[in-house]
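Let me begin by presenting the structure, written as structure tokens, before commenting on it.
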Amino acid sequence: MDGRVVEVRAAFEQCGAYFRDTTLARGVLEMNRPGILLREPTYCDASRLPGGFVAPHRYLIFSANARTLGGDTPDDWGLRLWPRGRIFKVIDRIIDQQRAQITLLEIPEHLVNLFLDMQPNGIELTYVQHGRDLFYELHNAPPVAGLDSDAWRDRLVYPVGIDDAHKYFPMYGPDAYANDETEPTIARVAQHLASVHMRANATAEAEAVLRPAIEGLQSAAHRMPEDFAHLLVTRADLRVQIADYRGAESDLHEAFRLCQQLGQGGRLQVAVILTRLGHLYQAMGSSVAAERFYQHALQIRRSASGERSAPQIPILVSLGALHERTNRLDTAGAYLLEALAIAHEHDKPDDPTLLNNLSRVHHANGQLDDALRTAEAALAAIEPEDIEGTQRATLLANLAEIHAAQGSHEAALRLLVEVLHSQRKLIEQVRSFGSHEQRLLLLQAARSRLNQYVSLILARFADSPARLLDLANAVVERKGMGVDAFARERAAVHAGDHPLLREHLEELRIRRSFIADQRLSGPDYANPDQFQETLRTATKQLEALELELTRSLPNLDDHGAVDCVTIARSIPPDTTAVEFQRFRPFNYDAIRAHGEKPWGADRYVAIVLTPAHPNQPTVVDLGDADAIDVDVAALRAQIASTSGLPSQPGGTHLTHPTGYEDIATHLYDVLIVPLLSAIGDVRHLVLAPDGDLCRLPFGVLRTADGRLLIDDYTISYLTATRDLLRLANPPRSQGGPPVVVATPDFNLGGTPLCHKPYSRLPGARMEGIEVAQYLGIAPVLGSEATKAAVQQAHSPSILHIATHGFFEDREPPLEPGDLKVGMTFRFIDHDRESIVLDGILATPVELISTGDSEFGRRRGRHLDNPLLRSGLAFAGANTWSNDGDPPHGNGLLTAFEVAELDLQGTQLVVLSACDTGLGEIESGEGVFGLQRAFHLAGARTLVMSLWKVPDESTKELMAHMYRLLAAGATRADALREAQRLVRVHHPNPLDWAAFICQGDPGRLPKPPAGSVPAAPSL
């Protein structure tokens, strides 16, 4: 025994101290808990030189086996590395407000049994104290000069790795990727590190490992297909975790092709990929496709390993989960119990996913005690390294459903709060590396948990002001989060905080314009494949630019917490704000085995915020959302029918048994009356609608005695009430001279022979001239009113555009009953690849009919993006639409291109055009159309229309509004008073009610240039 003690002491006597400074995600920091053992591919780039921190976090490594790294590394770095596969124990973790240190002790493998206890032994305690002494000694010390350098910081980002032969190489340097010997090792190390990060919910770190590895090794994929396929599958897992399903599908298809090259040797990896595709399609709601992929993967596993082999367990679990979610509860239980039996036969540890799905089957059958017991077992089976991962959040949500069903509502609520917190951390991480689209996809995927949280509070805690405040805080934090973050990023770049990135914005603008031109033009008959390849390349370049811009910006969370108190304190005096949210209620008491559905029909909830009571929001359930939406559509239809103008994009006329007044009164009773006591005695309402309420001009709603809402309140709109926090700060740049663009020559360079030419707007010419007079500038008219005239206007203080607007519905996919003999069709998404299994198309696809409509301008499947189907028409638009070649391009400025305009100093954009407020509506993120695009471009206030507006009355309204603005009225008051003045001679809402004021409702910083003339004769 004495000899063993001597041996142990000798093994640690020569330990040196090594330092590696880095920046860790919170999940990784929390994962490194004292007591756990780590076996890592390498700890690299640690320095033996003690000094102050050069990054917020530090690994302090005590080891007797560090090696000196030779080669061209600077001597003053004191660089050391370890052989592959060494074991380290986390013996201490110190966290203060600014710094954190994780202390690691290297354990010789033959002594590991002496260090398995979570409690530290004498040797560990010695090094814990030594580590703490070093932390406090070096906490505020100056850094080592050689390490306080850009070269060292680059090394932290692009570290050194160690291969199986103990040779060192730069993991992400270009030389390593050109080396046939190191390529497979890089792939394996990167795949392992990324997996570790993902299990800790550290998606940003996982992406930072995978991106350079995949980019660097892409050209070598044919030499190492299996290793590269592993990398792609890992990135697909990451993309599924952040709800980027199309990106994940693309990675898995590429991995599938690579493994097919291996022949029979790649069959097992093919089974892994097919299982991942099943997971993907299940997440996308394509259960038939998911089952087909699972079953094929199961066949491969069984033919290779036998009927009761352990590798088939995950597939059986996936099949059980799929059947449970599609209410095939008997077969779901059978699959899961078979998986559990095979796991016991092979002495496998409890699988949290298996147990969680089994718990869900018990719950669906109404067996709540069994469900609770199994769910708790699933939670206990989670590995320590997964404690911060998304798997635990999923298990907690399931456990919350069980507690709520059993009547333990407080416990359920606590668990859901933890789930929302986990989601928040994931969303924050994706903001640091994800594209705008990826962030929106994640927010959409996260909405179901928010719906469950809202449902539980409304059903069980509606009489608790504290819980209602929690509900309101959760809603106002999430709603509009995507567009708000994107707008602030653009503002930071344009404001000059990051001057080198402005070049990126110009590249983005050029690339977006090119893509928009290509998609609007569509393919020709001669070479449609070339068109697709050109578009695919341009889209990838655009995505790369967007990602580079995102990664180059710091975290711009400049307004701190987003909650009811901070928002209410930003509300101007004499104003009340109302946040509307469409949500889907969840019934925790439903027993699916009895045919009861847990998810109900959508409802609207309103949250009323007042500056007088910032921590006391009023929360009101307004009722069935579909019924309200029908009334909104009916109201618009009745107003539009007075002149035969269609109320919906695409021209659909709706009918209603009563007239406009009755519908307006009914909507007033549903949407306003329940809020009146909370709104109080104010004169200004700030409304943040959701769903189809975004199509409703609230000012036309009527009381029973015939008063309109516009008579009692000035009304302005926001995408979300969180916008008040951004609007509370003045713009970061000053606007230039105003710009007025009006009455374009749509036939410039040709004749109006197209099917639907844009008609002349005689009133718009006079409107443009009069508005320009108010502003003291010359208008841009006729042939000069081009798309380029708007694109080249950098931050005008006021931008007024009088032209035609457009919004077109997406071409719907064919339903099975639409398919007829002899019909030709193709995939809606032409770029998607597909897989055939057992002679059947396994990939879920949407189809559209083909023919002449596939070719030609503004037609076909290429306008799937709603920002390409919404825009403004300028000079030459008719000529281009009729296959002409106008001198200034296609004459159509899409919302897709508007988003890249520089309007950061623009106080007011007025779109005196039809349908400029329309677009596709995404619950929680507003309208995807011109209003969103101008918001992203930086416009502080937008005046726009919700239906096709008459030319003459619009001219009159604009004249009144600008006169009032020039006299010092606020933007919202000017529009309101102009609408009331037009009503005197044009009482039909068609003539005055279409325009709304979105954004900053306050006064312009200074009166428009020039004198204030009397109102012109109209």
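Each chain in the structure tokens gets a letter, A, B and so on, in the order shown; residues start at 1 in every chain, and ligands are counted from 1 in the order they appear.
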
task = Compile the contact shell of A:Ala459 as a PyMOL selection string: residues with an atom at most 10 Å away, counting only C-alpha atoms, same-chain residues fewer than 6 positions apart removed.
result = chain A and resi 585-588

Those residues you just picked out, can you put them in a file as a CSV table (one decimal), in the first residue's frame with N, CA and C atoms?
```csv
chain,number,residue,atom,x,y,z
A,585,PRO,N,-54.3,27.5,-28.1
A,585,PRO,CA,-54.4,27.0,-26.7
A,585,PRO,C,-54.1,25.5,-26.6
A,586,PHE,N,-53.6,25.1,-25.5
A,586,PHE,CA,-53.3,23.7,-25.2
A,586,PHE,C,-54.1,23.2,-24.0
A,587,ASN,N,-54.8,22.1,-24.2
A,587,ASN,CA,-55.7,21.5,-23.2
A,587,ASN,C,-54.9,20.4,-22.5
A,588,TYR,N,-54.4,20.7,-21.2
A,588,TYR,CA,-53.6,19.8,-20.5
A,588,TYR,C,-54.4,18.6,-20.0
```

message = I want to know what sits within 8 Å of A:Val419, based on only C-alpha atoms, with residues of the same chain fewer than 6 positions away left out; could you give that as a list of chain:residue names?
response =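 Listing them by chain and then by number gives A:Ala393, A:Thr394, A:Leu396, A:Ala397, A:Arg449.
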
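Separating atom CA of A:Gly407 from atom CA of A:Pro352 is a distance of 24.5 Å.
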
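Residue nearest A:Asp631, chosen from A:Asp602, A:Arg490, A:Tyr668, A:Leu111 and counting only C-alpha atoms: A:Tyr668.
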
query = Interatomic distance between atom CA of A:Gln101 and atom CA of A:Ala10?
reply =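 Straight-line distance from atom CA of A:Gln101 to atom CA of A:Ala10 works out to 26.2 Å.
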
task = Kindly give the distance, in Å, that separates atom CA of A:Gly891 and atom CA of A:Ser435, rounded to a single decimal.
result = 28.7 Å

task = Determine which residues of stretch 369-415 of chain A DSSP labels as helix (DSSP H, G or I) from the backbone of this structure, then write them out as an MDAnalysis selection string.
result = chainID A and resid 369:380 384:386 390:405 409:415

Please list as a short mmCIF file (atom, residue, chain, number, x, y, z; two decimals) with N, CA and C atoms, in the first residue's frame every residue within 10 Å of stretch 595-600 of chain A, counting only C-alpha atoms and excluding residues in the same chain fewer than 3 positions away.
```cif
data_model
loop_
_atom_site.label_atom_id
_atom_site.label_comp_id
_atom_site.auth_asym_id
_atom_site.auth_seq_id
_atom_site.Cartn_x
_atom_site.Cartn_y
_atom_site.Cartn_z
N ASN A 327 -50.91 9.41 -32.97
CA ASN A 327 -52.02 8.77 -32.24
C ASN A 327 -52.19 7.28 -32.56
N ALA A 364 -50.76 9.71 -23.03
CA ALA A 364 -51.83 9.73 -24.04
C ALA A 364 -52.93 8.74 -23.72
N SER A 448 -44.49 26.82 -29.98
CA SER A 448 -45.43 25.90 -29.34
C SER A 448 -45.25 25.89 -27.82
N ASN A 451 -46.90 28.87 -26.45
CA ASN A 451 -48.35 28.66 -26.45
C ASN A 451 -48.78 27.83 -25.23
N GLN A 452 -48.01 26.81 -24.90
CA GLN A 452 -48.34 26.00 -23.73
C GLN A 452 -48.27 26.83 -22.45
N PHE A 583 -52.46 32.94 -30.54
CA PHE A 583 -51.84 31.78 -29.92
C PHE A 583 -52.77 30.58 -30.06
N ARG A 584 -52.18 29.41 -29.92
CA ARG A 584 -52.95 28.16 -30.00
C ARG A 584 -53.05 27.57 -28.60
N PRO A 585 -54.27 27.46 -28.06
CA PRO A 585 -54.42 26.97 -26.69
C PRO A 585 -54.13 25.47 -26.58
N PHE A 586 -53.59 25.10 -25.45
CA PHE A 586 -53.25 23.70 -25.18
C PHE A 586 -54.10 23.21 -24.00
N ASN A 587 -54.80 22.10 -24.20
CA ASN A 587 -55.66 21.51 -23.18
C ASN A 587 -54.89 20.41 -22.45
N TYR A 588 -54.44 20.71 -21.25
CA TYR A 588 -53.64 19.75 -20.49
C TYR A 588 -54.45 18.56 -19.99
N ASP A 589 -55.77 18.67 -19.99
CA ASP A 589 -56.62 17.60 -19.49
C ASP A 589 -57.03 16.60 -20.58
N ALA A 590 -56.65 16.86 -21.82
CA ALA A 590 -57.07 15.98 -22.91
C ALA A 590 -56.43 14.60 -22.79
N ILE A 591 -57.22 13.57 -23.06
CA ILE A 591 -56.72 12.19 -23.12
C ILE A 591 -56.86 11.74 -24.57
N ARG A 592 -55.76 11.64 -25.24
CA ARG A 592 -55.80 11.38 -26.68
C ARG A 592 -56.39 10.02 -27.01
N ARG A 603 -56.58 31.45 -30.87
CA ARG A 603 -57.30 32.54 -30.23
C ARG A 603 -56.42 33.78 -30.25
N ASP A 624 -62.04 33.34 -30.31
CA ASP A 624 -61.63 32.52 -31.46
C ASP A 624 -61.03 33.37 -32.57
#
```
